[in-house]
Amino acid sequence: MNTRAKRLVLPLGGALVATTMIGVPLASAAQAAPAPDVKSSALTSSGNAKAIAGYWTSSKLKSAKSYISDSTVSAKLTKTGAAKAAADGKPGTIAPTGEGGKSAGKSKNLNLPITVGKVFFVDGKGQERWCSGTSVQSKYRNLVATAGHCVYDTDTNKPFDNFVFIPGYYQGKAPWGIYVGAKVNTHDDFTVFEDYDYDYAFVNVYDGVKQQAEKEVDYKTYKAHIDKGGVGREDAKTVDFETYDKWTQKGGLGKVDNVSSEDEVGPQYKGALAVASETDKWAWEKVDGDVYGLKDDKVTLKGKELGQDAWPKSGSKLESRVEPVTKSEYDAYKGPGYKKIDAKGNYTITHYYVVKYIKKTASVKYVIFRHYITTVASAGRLGDNVGGQGFTWNQKLGKKVFTFGYPTAAHPDGNKPYSGHTMKWCYGATAAAPVVPAYKAEEHQAIKCAFTPGASGGPFLLQYKSSKRTGYLNGVVSLTVDSDKNNRYDRVTTPYFNGETYGIYKHAANLWTGKLPG
């Protein structure tokens, strides 16, 4: 490829010579200078991290779909169609760190690594997705390795939203916490040229968050919890009048939409229902007078119910409602609410209402709001909890490696041997992978493995020791390949980790993400 010759002369040789021995420490600089081809992109601020962790409820984790776009291919492996993966300098290694006493279980008598888990994100179409990934050794114990296409959307040229890593993930559970992505570090040739010879990413994450089970509360309790920096969510649901009426009788919040002039009546109309109708911030601020509340389809002022003869005119101001949201929800919102990002990076939408009076009618759309809060606690640093795999580069082909991940999709022939709920592994010797021109994959290596999509981003681990559950990261699953075109996947591939990969890794391994706000 015409850009590759240029890349190979970049000055990484000095760094490689100094780090060829196992156990050599990482660079001591708090913020390492960027590698020549590194592309670093912010994922979210620390102030928004808890909201993103709260977004990933157990039900959303379970319903997320594996990200199979840009991960499967049928490519014939021949002598002339084999990738030419080659070292660009001396080999090197960075030692792993383990976390004894913890277990991710066994599979076929092999102790599974607790560093491996799932990465979750929201794609450009708003769909919750997942891939595989692993914790990897770094100075601040805050680094995750996965495939580039599992973090960065080359169609929109920006990272995916709401990225989190859950080590040891199992059926909606996060045994060692949820780690929100802070920054993704990729090779520039992946983000610019969509070159899958560089389909890897190193993601710096914030300290983990452990969440308790959700609890439904009233809006006042919800707002107080959110104002203190807590995690919560609001659920809006369209219902029939009877459900709306019962809900508001209990003090629950609701609103009505699609109110026509034929539905409206005056405040003193017998049987009138006082309801909230949403407006925008500027119209709301133009209204003079007190700010009222609603309860049981009646008007309140300062918490006290008013007699119907004291109800204010239609269009009087009602109490506003603040809704904390994630960045993706913030970006997608098109309604009349007022969008704001505060000084801590929190995303909110404030909804403004005026009172209207209606008679019971089927033409009106009734909406109720339910509120849930989650108590969260810091889980600490990723590497302190699960350890981190070592890192190695410029290794010869033919070495035996394990690869781990969560395969889930069916083979092209329709056979579906994996569920995606549990971690699986393959073992084999690395060899040249098929060349895949569609993805510019000319320097991949592969092992024989029947993994299906879902395993994307999972680690290739050299010298993996079952007793310690650690080894050396020598690649990440990029493509699942049907190399003999029999409609069964038979190989998984990875970009060849060379000196340039080490440069990206080294930069990411020295980045500090800071602490989450209290």
# chains A, B, ... in the order shown; residues from 1 in each chain; ligands from 1

$ residues_around --residues "Leu461 (chain A)" --least-positions-apart "2" --cutoff "9 Å" --atoms "only C-alpha atoms" --output "VMD selection string"
chain A and resid 389 to 391 400 to 404 459 463 to 464 470 to 476

$ closest_atom_pairs --of "region 132-209 of chain A" --to "region 441-457 of chain A" --cutoff "7 Å" --atoms "only C-alpha atoms" --output "tab-separated table"
residue	atom	partner	partner_atom	distance
A:Ser132	CA	A:Gly457	CA	4.7
A:Gly133	CA	A:Gly457	CA	5.0
A:Thr146	CA	A:Gly457	CA	4.0
A:Ala147	CA	A:Gly457	CA	4.2
A:Cys150	CA	A:Gly457	CA	7.0
A:Asp195	CA	A:Ala441	CA	6.8
A:Tyr196	CA	A:Ala441	CA	5.1
A:Asp197	CA	A:Ala441	CA	5.1

$ atom_distance --atom1 "CA of Arg321 (chain A)" --atom2 "CA of Tyr222 (chain A)"
11.0 Å

$ atom_distance --atom1 "CA of Ala145 (chain A)" --atom2 "CA of Val203 (chain A)"
6.4 Å

$ residues_around --residues "Lys65 (chain A)" --least-positions-apart "5" --cutoff "7 Å" --atoms "only C-alpha atoms" --output "NGL selection string"
:A and (128-130)

$ residues_around --residues "Gly208 (chain A)" --least-positions-apart "2" --cutoff "8 Å" --atoms "only C-alpha atoms" --output "ChimeraX atom specification"
/A:176-180,206,210,378-382

$ write_last_selection --atoms "C-alpha atoms" --output "mmCIF file, in the first residue's frame"
data_model
loop_
_atom_site.group_PDB
_atom_site.id
_atom_site.type_symbol
_atom_site.label_atom_id
_atom_site.label_comp_id
_atom_site.auth_asym_id
_atom_site.auth_seq_id
_atom_site.Cartn_x
_atom_site.Cartn_y
_atom_site.Cartn_z
ATOM 1 C CA TRP A 176 -15.991 -5.996 38.995
ATOM 2 C CA GLY A 177 -17.747 -2.813 37.960
ATOM 3 C CA ILE A 178 -18.533 -0.763 34.861
ATOM 4 C CA TYR A 179 -15.673 1.276 33.404
ATOM 5 C CA VAL A 180 -16.667 4.267 31.271
ATOM 6 C CA TYR A 206 -12.336 6.118 34.367
ATOM 7 C CA LYS A 210 -20.643 -0.472 40.961
ATOM 8 C CA SER A 378 -16.550 3.652 43.202
ATOM 9 C CA ALA A 379 -15.071 0.310 42.214
ATOM 10 C CA GLY A 380 -11.549 1.731 41.930
ATOM 11 C CA ARG A 381 -9.101 1.364 39.079
ATOM 12 C CA LEU A 382 -9.570 -1.317 36.451
#

$ select_by_dssp --residues "region 218-441 of chain A" --states "strand (DSSP E or B)" --output "PyMOL selection string"
chain A and resi 231-239+253-257+264+273-279+292-295+298-301+304-305+317-325+338-341+347-358+365-374+376-380+388-393+400-405+424-429+431-432+434+436+441

$ residues_around --residues "region 160-165 of chain A" --least-positions-apart "3" --cutoff "8 Å" --atoms "only C-alpha atoms" --output "JSON, numbers by chain"
{"A": [43, 44, 52, 53, 117, 118, 119, 120, 121, 122, 123, 124, 133, 144, 151, 152, 153, 178, 179, 180, 181, 326, 327, 328]}

$ atom_distance --atom1 "CA of Gln212 (chain A)" --atom2 "CA of Ser63 (chain A)"
19.4 Å
